[in-house]
file entry_25.pdb (PDB, C-alpha atoms)
ATOM      1  CA  MET A   1       0.546 -32.676  19.438
ATOM      2  CA  GLU A   2      -1.230 -30.368  16.999
ATOM      3  CA  ALA A   3       0.527 -29.700  13.697
ATOM      4  CA  SER A   4       1.548 -26.109  13.094
ATOM      5  CA  LEU A   5       0.705 -24.666   9.705
ATOM      6  CA  THR A   6       3.146 -22.320   8.052
ATOM      7  CA  TYR A   7       1.652 -19.608   5.912
ATOM      8  CA  SER A   8       3.480 -17.629   3.298
ATOM      9  CA  PRO A   9       3.272 -13.872   3.665
ATOM     10  CA  LEU A  10       0.298 -12.095   2.213
ATOM     11  CA  LYS A  11       1.201 -10.181  -0.901
ATOM     12  CA  ILE A  12      -0.238  -6.699  -1.227
ATOM     13  CA  PHE A  13       0.088  -4.956  -4.580
ATOM     14  CA  THR A  14      -0.731  -1.259  -4.830
ATOM     15  CA  ASP A  15      -0.725   1.435  -7.477
ATOM     16  CA  GLY A  16      -1.785   5.024  -7.903
ATOM     17  CA  GLY A  17      -1.698   7.473 -10.744
ATOM     18  CA  CYS A  18      -3.007  10.661 -12.289
ATOM     19  CA  SER A  19      -3.973  12.039 -15.655
ATOM     20  CA  GLY A  20      -1.942  15.196 -15.326
ATOM     21  CA  ASN A  21      -0.187  15.900 -12.061
ATOM     22  CA  PRO A  22      -2.241  17.324 -10.447
ATOM     23  CA  GLY A  23      -5.377  16.080 -12.126
ATOM     24  CA  PRO A  24      -7.949  13.304 -11.927
ATOM     25  CA  GLY A  25      -6.406  10.363 -10.137
ATOM     26  CA  GLY A  26      -6.956   6.733  -9.293
ATOM     27  CA  TRP A  27      -5.652   4.130  -6.880
ATOM     28  CA  ALA A  28      -5.938   0.359  -6.549
ATOM     29  CA  TYR A  29      -4.802  -2.555  -4.435
ATOM     30  CA  ILE A  30      -4.930  -6.344  -4.500
ATOM     31  CA  ILE A  31      -4.274  -8.637  -1.530
ATOM     32  CA  VAL A  32      -3.226 -12.178  -2.434
ATOM     33  CA  GLN A  33      -2.468 -15.269  -0.344
ATOM     34  CA  GLU A  34      -0.245 -17.922  -1.866
ATOM     35  CA  THR A  35      -0.868 -21.503  -0.851
ATOM     36  CA  PHE A  36       0.318 -24.849  -2.109
ATOM     37  CA  GLN A  37      -2.845 -24.833  -4.273
ATOM     38  CA  GLY A  38      -2.039 -21.495  -5.927
ATOM     39  CA  HIS A  39      -3.038 -17.881  -5.403
ATOM     40  CA  THR A  40      -6.173 -16.849  -3.529
ATOM     41  CA  LEU A  41      -7.427 -13.325  -4.097
ATOM     42  CA  LEU A  42      -8.479 -12.031  -0.671
ATOM     43  CA  ALA A  43      -9.388  -8.443  -1.536
ATOM     44  CA  GLU A  44      -9.182  -5.867  -4.279
ATOM     45  CA  GLU A  45     -10.484  -2.348  -4.520
ATOM     46  CA  PHE A  46      -9.987   0.819  -6.497
ATOM     47  CA  GLY A  47     -11.185   4.399  -6.400
ATOM     48  CA  GLY A  48     -10.401   7.870  -7.582
ATOM     49  CA  GLU A  49     -10.458  11.594  -6.926
ATOM     50  CA  LYS A  50     -11.186  14.527  -9.217
ATOM     51  CA  ALA A  51      -8.181  16.673  -8.309
ATOM     52  CA  THR A  52      -5.129  15.050  -6.760
ATOM     53  CA  THR A  53      -1.511  14.071  -7.373
ATOM     54  CA  ASN A  54       0.195  10.848  -8.327
ATOM     55  CA  ASN A  55       1.974  10.580  -4.972
ATOM     56  CA  ARG A  56      -1.259  11.069  -3.001
ATOM     57  CA  MET A  57      -2.891   8.275  -4.996
ATOM     58  CA  GLU A  58       0.076   5.951  -4.380
ATOM     59  CA  LEU A  59      -0.192   6.612  -0.633
ATOM     60  CA  ILE A  60      -3.985   6.231  -0.549
ATOM     61  CA  ALA A  61      -3.720   2.856  -2.299
ATOM     62  CA  VAL A  62      -1.364   1.578   0.414
ATOM     63  CA  ILE A  63      -3.384   3.071   3.277
ATOM     64  CA  ASN A  64      -6.608   1.519   1.997
ATOM     65  CA  SER A  65      -4.966  -1.873   1.529
ATOM     66  CA  LEU A  66      -3.577  -1.848   5.057
ATOM     67  CA  GLN A  67      -6.947  -0.738   6.462
ATOM     68  CA  THR A  68      -8.512  -3.760   4.768
ATOM     69  CA  LEU A  69      -5.817  -6.019   6.221
ATOM     70  CA  LYS A  70      -6.319  -4.515   9.691
ATOM     71  CA  ASN A  71     -10.082  -5.018   9.526
ATOM     72  CA  ARG A  72      -9.644  -8.569   8.248
ATOM     73  CA  ASN A  73      -7.246  -9.427  11.062
ATOM     74  CA  ALA A  74      -9.549  -7.913  13.678
ATOM     75  CA  SER A  75     -12.511  -9.960  12.446
ATOM     76  CA  GLU A  76     -10.566 -13.214  12.037
ATOM     77  CA  ARG A  77      -8.546 -13.335  15.238
ATOM     78  CA  ASN A  78      -7.180 -16.835  14.928
ATOM     79  CA  ALA A  79      -3.960 -18.667  14.192
ATOM     80  CA  SER A  80      -4.732 -19.070  10.498
ATOM     81  CA  VAL A  81      -4.281 -15.367   9.733
ATOM     82  CA  PRO A  82      -0.809 -14.785   8.247
ATOM     83  CA  ARG A  83       1.484 -12.755  10.458
ATOM     84  CA  LYS A  84       3.577 -11.354   7.609
ATOM     85  CA  ALA A  85       2.694  -9.195   4.650
ATOM     86  CA  VAL A  86       4.797  -7.830   1.830
ATOM     87  CA  VAL A  87       3.648  -4.569   0.262
ATOM     88  CA  TYR A  88       4.712  -4.327  -3.380
ATOM     89  CA  THR A  89       4.700  -0.810  -4.768
ATOM     90  CA  ASP A  90       6.115   0.664  -7.947
ATOM     91  CA  SER A  91       6.536   3.964  -6.098
ATOM     92  CA  GLN A  92       9.976   4.562  -4.623
ATOM     93  CA  TYR A  93       8.383   7.592  -2.938
ATOM     94  CA  VAL A  94       6.170   5.232  -0.906
ATOM     95  CA  GLN A  95       8.754   2.498  -0.329
ATOM     96  CA  LYS A  96      11.611   4.796   0.694
ATOM     97  CA  GLY A  97       9.303   7.234   2.439
ATOM     98  CA  ILE A  98       7.924   4.661   4.889
ATOM     99  CA  THR A  99      11.167   2.723   5.415
ATOM    100  CA  GLU A 100      13.770   5.520   5.428
ATOM    101  CA  TRP A 101      12.659   9.115   5.088
ATOM    102  CA  ILE A 102       9.792   9.270   7.596
ATOM    103  CA  HIS A 103      12.146   8.906  10.575
ATOM    104  CA  LYS A 104      14.158  11.985   9.554
ATOM    105  CA  TRP A 105      11.024  13.951   8.640
ATOM    106  CA  LYS A 106       9.639  13.393  12.125
ATOM    107  CA  GLN A 107      12.972  14.270  13.751
ATOM    108  CA  ASN A 108      12.996  17.490  11.711
ATOM    109  CA  SER A 109       9.400  18.464  12.619
ATOM    110  CA  TRP A 110       8.084  17.284   9.243
ATOM    111  CA  ARG A 111      10.690  19.181   7.239
ATOM    112  CA  THR A 112      12.751  17.786   4.381
ATOM    113  CA  SER A 113      16.542  18.019   4.278
ATOM    114  CA  ASP A 114      16.180  21.332   2.418
ATOM    115  CA  LYS A 115      13.888  22.657   5.196
ATOM    116  CA  LYS A 116      10.649  22.520   3.156
ATOM    117  CA  SER A 117       7.419  21.096   4.562
ATOM    118  CA  VAL A 118       6.948  17.415   3.782
ATOM    119  CA  LYS A 119       4.299  17.010   1.109
ATOM    120  CA  ASN A 120       1.381  14.714   1.977
ATOM    121  CA  GLN A 121       2.191  14.814   5.696
ATOM    122  CA  ASP A 122      -1.423  13.942   6.497
ATOM    123  CA  LEU A 123      -1.146  10.694   4.543
ATOM    124  CA  TRP A 124       2.307   9.835   5.915
ATOM    125  CA  VAL A 125       0.961  10.218   9.457
ATOM    126  CA  GLU A 126      -2.002   7.987   8.571
ATOM    127  CA  LEU A 127       0.211   5.376   6.906
ATOM    128  CA  GLU A 128       2.561   5.245   9.871
ATOM    129  CA  ALA A 129      -0.381   4.937  12.277
ATOM    130  CA  ILE A 130      -2.031   2.052  10.454
ATOM    131  CA  SER A 131       1.323   0.299  10.036
ATOM    132  CA  GLY A 132       1.777   0.603  13.800
ATOM    133  CA  GLU A 133      -1.694  -0.784  14.463
ATOM    134  CA  LEU A 134      -0.904  -3.819  12.319
ATOM    135  CA  THR A 135       2.339  -4.317  14.212
ATOM    136  CA  LEU A 136       0.315  -4.318  17.443
ATOM    137  CA  GLN A 137      -1.898  -7.011  15.884
ATOM    138  CA  GLY A 138       1.274  -9.060  15.357
ATOM    139  CA  VAL A 139       1.676  -8.434  11.629
ATOM    140  CA  THR A 140       5.143  -7.798  10.228
ATOM    141  CA  LEU A 141       5.156  -5.576   7.143
ATOM    142  CA  ASN A 142       7.908  -5.611   4.537
ATOM    143  CA  TRP A 143       8.062  -3.010   1.796
ATOM    144  CA  GLU A 144       9.289  -3.964  -1.673
ATOM    145  CA  TRP A 145       9.733  -1.721  -4.683
ATOM    146  CA  VAL A 146       8.914  -3.297  -8.056
ATOM    147  CA  ARG A 147       9.471  -1.792 -11.460
ATOM    148  CA  GLY A 148       6.170  -0.653 -12.947
ATOM    149  CA  HIS A 149       5.027  -1.964 -16.325
ATOM    150  CA  SER A 150       7.455  -4.870 -16.130
ATOM    151  CA  GLY A 151       5.006  -7.751 -16.464
ATOM    152  CA  ILE A 152       4.367  -8.470 -12.762
ATOM    153  CA  GLU A 153       0.822  -9.847 -12.930
ATOM    154  CA  TYR A 154      -0.792  -8.153  -9.943
ATOM    155  CA  ASN A 155       1.108  -4.895 -10.378
ATOM    156  CA  GLU A 156      -0.162  -4.739 -13.963
ATOM    157  CA  ARG A 157      -3.681  -5.527 -12.757
ATOM    158  CA  CYS A 158      -3.487  -2.703 -10.203
ATOM    159  CA  ASP A 159      -2.351  -0.373 -12.976
ATOM    160  CA  ARG A 160      -5.369  -1.326 -15.094
ATOM    161  CA  MET A 161      -7.697  -0.777 -12.136
ATOM    162  CA  THR A 162      -6.064   2.605 -11.479
ATOM    163  CA  GLN A 163      -6.605   3.626 -15.113
ATOM    164  CA  GLN A 164     -10.230   2.459 -14.837
ATOM    165  CA  ALA A 165     -10.691   4.652 -11.752
ATOM    166  CA  ILE A 166      -9.177   7.667 -13.535
ATOM    167  CA  ALA A 167     -11.458   7.117 -16.539
ATOM    168  CA  SER A 168     -14.473   6.880 -14.235
ATOM    169  CA  VAL A 169     -13.559  10.131 -12.464
ATOM    170  CA  GLN A 170     -13.053  11.910 -15.801
ATOM    171  CA  LYS A 171     -16.375  10.595 -17.145
ATOM    172  CA  ASN A 172     -18.273  11.795 -14.074
ATOM    173  CA  ALA A 173     -16.543  15.190 -13.908
TER     174      ALA A 173
END
call {"tool": "encode", "arguments": {"input": "entry_25.pdb", "output": "structure tokens"}}
result
Amino acid sequence: MEASLTYSPLKIFTDGGCSGNPGPGGWAYIIVQETFQGHTLLAEEFGGEKATTNNRMELIAVINSLQTLKNRNASERNASVPRKAVVYTDSQYVQKGITEWIHKWKQNSWRTSDKKSVKNQDLWVELEAISGELTLQGVTLNWEWVRGHSGIEYNERCDRMTQQAIASVQKNA
């Protein structure tokens, strides 16, 4: 009988920010696998935009991280790919939006409780779609809010990468 390996969930850390809101913005993500030997960095990326908002950057960071995970799973279709991932975000907007609010927004034709159009609907639709695609690949996503600037190693690293992206956008403006 073949031994079954148990893998801990992938950990996905994301961050987004702006210099001014709106203003030049940046986003970043890191995907980490924990093993008995320690942490393995599987992917990291960052980028920026000249004119955006903090919330758009937070959403883009998550979308890009999940796209990377989806592509990785598609190219590595085998039993060794973890079937669970935890997305760590310091944005309650992202965490609550995808786990709670999106259901009501859709029920209300993309209107908030005060009847205003949902901001960033395009990104919410994209995030929900890619989350659904991962579910179809057999990946369970959990969404965890973490306090920003509280010493969490990979969250702090994402913040530094986000600031680097903002600086790069400002320099090239």
call {"tool": "closest_atom_pairs", "arguments": {"input": "entry_25.pdb", "of": "segment 20-97 of chain A", "to": "segment 140-152 of chain A", "cutoff": "9 Å", "atoms": "all atoms listed in the file", "output": "Markdown table"}}
result
| residue | atom | partner | partner_atom | distance |
| --- | --- | --- | --- | --- |
| A:Arg83 | CA | A:Thr140 | CA | 6.2 |
| A:Lys84 | CA | A:Thr140 | CA | 4.7 |
| A:Ala85 | CA | A:Leu141 | CA | 5.0 |
| A:Val86 | CA | A:Asn142 | CA | 4.7 |
| A:Val87 | CA | A:Trp143 | CA | 4.9 |
| A:Tyr88 | CA | A:Glu144 | CA | 4.9 |
| A:Thr89 | CA | A:Trp145 | CA | 5.1 |
| A:Asp90 | CA | A:Val146 | CA | 4.9 |
| A:Ser91 | CA | A:Trp145 | CA | 6.7 |
| A:Gln92 | CA | A:Trp145 | CA | 6.3 |
| A:Val94 | CA | A:Trp145 | CA | 8.7 |
| A:Gln95 | CA | A:Trp143 | CA | 5.9 |
| A:Lys96 | CA | A:Trp143 | CA | 8.6 |
call {"tool": "closest_residue", "arguments": {"input": "entry_25.pdb", "among": "A:Leu136, A:Val118, A:Met57, A:Met161", "to": "Asn21 of chain A", "atoms": "all atoms listed in the file"}}
result
A:Met57
call {"tool": "atom_distance", "arguments": {"input": "entry_25.pdb", "atom1": "atom CA of Ser19 of chain A", "atom2": "atom CA of Lys115 of chain A"}}
result
29.4 Å
call {"tool": "resolve_selection", "arguments": {"input": "entry_25.pdb", "expression": "the PyMOL selection byres ((chain A and resi 122-133) around 7)", "output": "ChimeraX atom specification"}}
result
/A:59,63,66-67,120-121,134-137
call {"tool": "axis_aligned_box", "arguments": {"input": "entry_25.pdb", "around": "segment 37-56 of chain A", "padding_each_side": "6 Å", "output": "JSON"}}
result
{"center_x": -4.6, "center_y": -4.1, "center_z": -4.9, "size_x": 25.2, "size_y": 53.5, "size_z": 20.5}
call {"tool": "closest_residue", "arguments": {"input": "entry_25.pdb", "among": "A:Ala43, A:Cys158, A:Ile166, A:Val32", "to": "Asn71 of chain A", "atoms": "all atoms listed in the file"}}
result
A:Ala43
call {"tool": "atom_distance", "arguments": {"input": "entry_25.pdb", "atom1": "atom CA of Phe13 of chain A", "atom2": "atom CA of Gly48 of chain A"}}
result
16.8 Å
call {"tool": "atom_distance", "arguments": {"input": "entry_25.pdb", "atom1": "atom CA of Tyr93 of chain A", "atom2": "atom CA of Asn55 of chain A"}}
result
7.4 Å
call {"tool": "closest_residue", "arguments": {"input": "entry_25.pdb", "among": "A:Trp105, A:Tyr154, A:Phe46, A:Phe36", "to": "Ile12 of chain A", "atoms": "all atoms listed in the file"}}
result
A:Tyr154
call {"tool": "resolve_selection", "arguments": {"input": "entry_25.pdb", "expression": "the PyMOL selection byres ((chain A and resi 51) around 10)", "output": "ChimeraX atom specification"}}
result
/A:18-25,48-50,52-53,169
call {"tool": "resolve_selection", "arguments": {"input": "entry_25.pdb", "expression": "the PyMOL selection byres ((chain A and resi 35) around 10)", "output": "NGL selection string"}}
result
:A and (6-10 or 32-34 or 36-40)
call {"tool": "closest_residue", "arguments": {"input": "entry_25.pdb", "among": "A:Ala173, A:Ile98, A:Ile31, A:Asn54", "to": "Thr68 of chain A", "atoms": "all atoms listed in the file"}}
result
A:Ile31
call {"tool": "residues_around", "arguments": {"input": "entry_25.pdb", "residues": "Gly16 of chain A", "least_positions_apart": "5", "cutoff": "6 Å", "atoms": "only C-alpha atoms", "output": "list in words"}}
result
Gly26, Trp27, Met57 and Glu58 of chain A
call {"tool": "closest_residue", "arguments": {"input": "entry_25.pdb", "among": "A:Lys11, A:Lys70, A:Lys171, A:Lys116", "to": "Leu41 of chain A", "atoms": "only C-alpha atoms"}}
result
A:Lys11
call {"tool": "closest_residue", "arguments": {"input": "entry_25.pdb", "among": "A:Ala74, A:Ala61, A:Ala167, A:Ile102", "to": "Tyr29 of chain A", "atoms": "all atoms listed in the file"}}
result
A:Ala61
